[in-house]
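Coordinates as given in coords-v3.txt (compact mmCIF, C-alpha atoms):
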# COMPACT_ATOMS: atom_id res chain seq x y z
CA MET Z 633 230.96 -40.56 -49.66
CA ALA Z 634 227.96 -42.81 -50.15
CA SER Z 635 226.99 -43.42 -53.71
CA TYR Z 636 223.76 -43.90 -55.57
CA GLU Z 637 223.37 -46.47 -58.28
CA SER Z 638 220.04 -46.40 -60.09
CA SER Z 639 218.00 -49.59 -59.97
CA MET Z 640 218.40 -51.72 -63.05
CA PHE Z 641 216.49 -54.54 -64.73
CA ILE Z 642 218.32 -57.18 -66.68
CA VAL Z 643 216.48 -58.03 -69.88
CA ASP Z 644 218.06 -60.55 -72.25
CA GLY Z 645 221.44 -60.00 -70.56
CA VAL Z 646 221.26 -56.22 -70.99
CA SER Z 647 220.90 -53.84 -68.03
CA ILE Z 648 218.23 -51.20 -68.41
CA PRO Z 649 217.20 -48.57 -65.84
CA LYS Z 650 214.12 -49.36 -63.78
CA PRO Z 651 211.30 -46.89 -64.54
CA GLU Z 652 210.79 -44.31 -61.76
CA VAL Z 653 207.15 -45.30 -61.34
CA ASP Z 654 208.30 -48.78 -60.23
CA TRP Z 655 210.74 -47.48 -57.59
CA ILE Z 656 210.19 -48.39 -53.95
CA ASP Z 657 210.64 -45.83 -51.12
CA VAL Z 658 214.29 -46.74 -50.52
CA GLU Z 659 215.15 -46.24 -54.19
CA GLU Z 660 213.29 -42.92 -54.25
CA GLN Z 661 215.14 -41.70 -51.14
CA ALA Z 662 218.49 -42.79 -52.59
CA SER Z 663 217.74 -40.90 -55.80
CA VAL Z 664 216.77 -37.74 -53.91
CA GLY Z 665 219.91 -38.01 -51.76
CA ASN Z 666 222.08 -38.44 -54.86
CA THR Z 667 220.46 -35.45 -56.55
CA ARG Z 668 220.97 -33.25 -53.49
CA ALA Z 669 224.59 -34.33 -53.07
CA LEU Z 670 225.32 -33.83 -56.77
CA ASN Z 671 223.67 -30.39 -56.63
CA ALA Z 672 225.79 -29.45 -53.60
CA ILE Z 673 228.94 -30.54 -55.42
CA PHE Z 674 227.96 -28.62 -58.58
CA ASN Z 675 227.26 -25.47 -56.54
CA GLY Z 676 230.52 -25.75 -54.63
CA VAL Z 677 232.86 -25.54 -57.62
CA ASP Z 678 233.77 -22.85 -60.13
CA LEU Z 679 232.89 -23.00 -63.83
CA ASN Z 680 236.17 -24.61 -64.92
CA VAL Z 681 235.81 -27.44 -62.42
CA PHE Z 682 232.11 -27.78 -63.20
CA LYS Z 683 233.06 -28.58 -66.80
CA LEU Z 684 234.92 -31.64 -65.50
CA ILE Z 685 231.94 -33.04 -63.62
CA ASN Z 686 228.80 -31.73 -65.36
CA SER Z 687 228.19 -35.02 -67.16
CA CYS Z 688 228.30 -37.09 -63.96
CA SER Z 689 225.05 -38.75 -62.98
CA THR Z 690 226.08 -39.85 -59.47
CA ASN Z 691 227.67 -37.99 -56.60
CA LYS Z 692 230.28 -40.74 -56.25
CA GLU Z 693 231.38 -40.33 -59.86
CA ALA Z 694 231.70 -36.54 -59.47
CA TRP Z 695 233.54 -36.94 -56.17
CA ARG Z 696 236.10 -39.34 -57.69
CA ILE Z 697 236.83 -36.90 -60.51
CA LEU Z 698 237.31 -34.05 -58.02
CA GLU Z 699 239.50 -36.21 -55.80
CA VAL Z 700 241.84 -37.12 -58.65
CA SER Z 701 241.84 -33.54 -59.98
CA TYR Z 702 242.79 -31.97 -56.66
CA GLU Z 703 244.73 -34.68 -54.82
CA GLY Z 704 245.95 -36.88 -57.64
CA THR Z 705 245.93 -40.64 -57.78
CA SER Z 706 247.10 -42.70 -54.83
CA LYS Z 707 250.58 -42.97 -56.42
CA VAL Z 708 250.80 -39.19 -56.72
CA LYS Z 709 249.65 -38.79 -53.10
CA ILE Z 710 252.37 -41.18 -51.92
CA SER Z 711 255.03 -39.30 -53.89
CA ILE Z 712 253.91 -35.94 -52.51
CA LEU Z 713 253.79 -37.32 -48.98
CA GLN Z 714 257.34 -38.67 -49.36
CA LEU Z 715 258.48 -35.25 -50.60
CA ILE Z 716 256.82 -33.48 -47.65
CA THR Z 717 258.30 -36.01 -45.22
CA SER Z 718 261.80 -35.49 -46.60
CA LYS Z 719 261.35 -31.69 -46.37
CA PHE Z 720 260.28 -32.15 -42.75
CA GLU Z 721 263.24 -34.42 -41.95
CA ALA Z 722 265.71 -31.98 -43.55
CA LEU Z 723 264.26 -29.03 -41.64
CA LYS Z 724 266.86 -26.95 -39.77
CA MET Z 725 266.67 -23.46 -38.36
CA TYR Z 726 269.23 -21.09 -39.85
CA GLU Z 727 271.57 -19.28 -37.45
CA ASP Z 728 270.33 -15.85 -38.55
CA GLU Z 729 266.66 -16.86 -38.82
CA SER Z 730 264.08 -15.57 -36.35
CA ILE Z 731 261.78 -17.92 -34.45
CA SER Z 732 258.80 -16.35 -36.24
CA LYS Z 733 260.22 -17.11 -39.69
CA TYR Z 734 261.17 -20.63 -38.64
CA ASN Z 735 257.66 -21.14 -37.25
CA GLU Z 736 256.25 -20.12 -40.65
CA ARG Z 737 258.43 -22.69 -42.42
CA VAL Z 738 257.46 -25.48 -39.99
CA LEU Z 739 253.75 -24.66 -40.29
CA GLU Z 740 253.99 -24.51 -44.08
CA ILE Z 741 255.25 -28.10 -44.15
CA ALA Z 742 252.69 -29.17 -41.54
CA ASN Z 743 249.89 -27.59 -43.59
CA GLU Z 744 251.08 -29.35 -46.75
CA SER Z 745 250.75 -32.64 -44.89
CA LEU Z 746 247.19 -31.76 -43.83
CA TRP Z 747 246.28 -31.45 -47.49
CA LEU Z 748 246.99 -35.16 -47.77
CA VAL Z 749 245.19 -36.04 -44.53
CA GLU Z 750 248.55 -37.09 -43.09
CA LYS Z 751 249.38 -34.92 -40.12
CA ILE Z 752 252.98 -34.08 -39.23
CA LEU Z 753 251.89 -32.39 -36.03
CA GLY Z 754 252.23 -33.46 -32.45
CA SER Z 755 255.17 -34.77 -30.49
CA LYS Z 756 257.06 -35.77 -33.67
CA SER Z 757 257.11 -32.18 -34.89
CA VAL Z 758 257.92 -30.79 -31.43
CA ARG Z 759 260.86 -33.19 -31.14
CA LYS Z 760 262.02 -32.27 -34.67
CA VAL Z 761 261.89 -28.53 -33.93
CA LEU Z 762 263.85 -28.97 -30.68
CA LEU Z 763 266.54 -30.96 -32.50
CA SER Z 764 266.77 -28.51 -35.40
CA LEU Z 765 267.42 -25.34 -33.41
CA PRO Z 766 270.84 -23.60 -33.50
CA ARG Z 767 273.28 -23.80 -30.57
CA LYS Z 768 272.13 -20.49 -29.08
CA PHE Z 769 268.89 -22.27 -28.09
CA ALA Z 770 270.59 -25.30 -26.48
CA MET Z 771 270.04 -24.03 -22.94
CA LYS Z 772 266.36 -23.30 -23.61
CA VAL Z 773 265.85 -26.71 -25.24
CA THR Z 774 267.20 -28.40 -22.11
CA VAL Z 775 264.89 -26.35 -19.89
CA ILE Z 776 261.86 -27.14 -22.07
CA GLU Z 777 262.66 -30.86 -22.11
CA GLU Z 778 263.03 -30.94 -18.32
CA ALA Z 779 260.02 -28.77 -17.51
CA HIS Z 780 257.49 -30.15 -20.01
CA ASP Z 781 256.23 -33.49 -21.26
CA ILE Z 782 257.31 -33.37 -24.91
CA SER Z 783 254.69 -35.95 -25.90
CA THR Z 784 251.88 -33.55 -24.90
CA LEU Z 785 253.54 -30.21 -25.71
CA LYS Z 786 251.85 -28.44 -28.61
CA LEU Z 787 253.82 -26.85 -31.42
CA ASP Z 788 252.33 -23.38 -30.83
CA GLU Z 789 253.25 -23.57 -27.12
CA LEU Z 790 256.81 -24.54 -28.03
CA PHE Z 791 257.15 -21.63 -30.44
CA GLY Z 792 255.73 -19.34 -27.76
CA PHE Z 793 258.49 -20.42 -25.34
CA LEU Z 794 261.14 -20.02 -28.04
CA LEU Z 795 259.87 -16.61 -29.13
CA THR Z 796 259.96 -15.36 -25.53
CA PHE Z 797 263.51 -16.67 -25.16
CA GLU Z 798 264.57 -15.06 -28.45
CA MET Z 799 263.11 -11.72 -27.34
CA ALA Z 800 264.97 -11.94 -24.02
CA ILE Z 801 268.27 -12.66 -25.81
CA SER Z 802 267.68 -9.77 -28.21
CA ASP Z 803 266.85 -7.43 -25.33
CA ARG Z 804 270.04 -8.41 -23.46
CA GLU Z 805 272.15 -7.88 -26.58
CA ASN Z 806 270.60 -4.44 -27.13
CA LYS Z 807 271.33 -3.44 -23.53
CA LYS Z 808 274.96 -4.63 -23.81
CA GLY Z 809 275.60 -2.35 -26.75
CA LYS Z 810 274.20 0.76 -25.04
CA VAL Z 811 276.20 2.71 -22.49
CA ILE Z 812 274.08 4.57 -19.99
CA PRO Z 813 275.60 7.99 -19.22
CA PHE Z 814 275.57 9.26 -15.63
What would the structure in this file look like if it were written as structure tokens?
Amino acid sequence: MASYESSMFIVDGVSIPKPEVDWIDVEEQASVGNTRALNAIFNGVDLNVFKLINSCSTNKEAWRILEVSYEGTSKVKISILQLITSKFEALKMYEDESISKYNERVLEIANESLWLVEKILGSKSVRKVLLSLPRKFAMKVTVIEEAHDISTLKLDELFGFLLTFEMAISDRENKKGKVIPF
């Protein structure tokens, strides 16, 4: 975010703000831009958050406070990202888990990574999902790998294929258990 710093005069080694009447057009435009941005930030937060930033005089100052409040410092971000990455690497589908529930868990981790502007989507997540499926999906995994380019396959497409396969398996198992009388 661009920031606004008011023009200053240095008098006897002390910085004092330049009077508004002496501002040139560029300084006036920067001040108006800062005021608008600060107003937008103030209007976009609730009362509790507003209390954190109401004394800020520049949009950059307010933005930094919000960034640290919501995302933490860079050290905190790195720690959270490492935690999310380890959750992603440890991801495995349970034998009795449905594809829909597993999809929810995968997307939850992917969405956590979006919060940190670090995407865990794409071919890495598709590959991870394929490797983390139970044995009953081994045949389908092979078919998907042979029929599709994994590097371009989207996660939602993959889960669509898997959901269809799971429904077909479930349907076959239901038909096996039923005896049709003549």
(message) Nearest residue to Leu795 in chain Z out of Z:Leu723, Z:Met640, Z:Ala779, Z:Ile731, using all atoms listed in the file?
(response) Z:Ile731
Go through range 711-744 of chain Z and flag each residue having an atom no more than 10 Å from range 757-761 of chain Z; for those, report the closest pair of atoms plus their distance in Å to one decimal, using all atoms listed in the file, ordered by chain and rising number, as a tab-separated table.
residue	atom	partner	partner_atom	distance
Z:Phe720	CA	Z:Lys760	CA	8.3
Z:Glu721	CA	Z:Lys760	CA	7.7
Z:Ala722	CA	Z:Lys760	CA	9.6
Z:Leu723	CA	Z:Lys760	CA	8.0
Z:Lys724	CA	Z:Val761	CA	7.8
Z:Met725	CA	Z:Val761	CA	8.3
Z:Tyr734	CA	Z:Val761	CA	9.2
Z:Asn735	CA	Z:Val761	CA	9.1
Z:Val738	CA	Z:Val761	CA	8.1
Z:Leu739	CA	Z:Ser757	CA	9.8
Z:Ala742	CA	Z:Ser757	CA	8.5
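Take the candidates Z:Glu703, Z:Glu798, Z:Glu693, Z:Glu777 and check each one against Asp728 in chain Z using all atoms listed in the file; the shortest distance goes to Z:Glu798.
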(message) So, with only C-alpha atoms as the atoms that count, which of Z:Val681, Z:Ala800, Z:Ile716, Z:Met771 lies closest to Tyr702 in chain Z?
(response) Z:Val681
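The smallest atom-to-atom distance between Thr717 in chain Z and any of Z:Asn680, Z:Ser745, Z:Ser783, Z:Gln661, using all atoms listed in the file, is found for Z:Ser745.
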Listed atoms of range 675-681 of chain Z, axis-aligned box, 8 Å per side: centre and edge lengths to one decimal in Å, as AutoDock Vina command-line options?
--center_x 231.7 --center_y -25.1 --center_z -59.8 --size_x 24.9 --size_y 20.6 --size_z 26.3
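One finds CA of Glu736 in chain Z at 13.9 Å from CA of Lys719 in chain Z.
Counting from CA of Ser663 in chain Z, the distance to CA of Ser639 in chain Z is 9.6 Å.
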(message) Neighbouring residues of Ile685 in chain Z were defined as those with any atom within 12 Å, considering all atoms listed in the file; residues of the same chain fewer than 6 positions away were excluded. Please report them as a ChimeraX atom specification.
(response) /Z:670-671,673-679,691-701
(request) Identify which of the residues Z:Ile710, Z:Lys768, Z:Ser718, Z:Glu652 lies closest to Val664 in chain Z, counting only C-alpha atoms when measuring atom-to-atom distances. (result) Z:Glu652
(request) Please measure the separation of CA of Thr690 in chain Z and CA of Val653 in chain Z, giving the value in Å to one decimal. (result) 19.8 Å
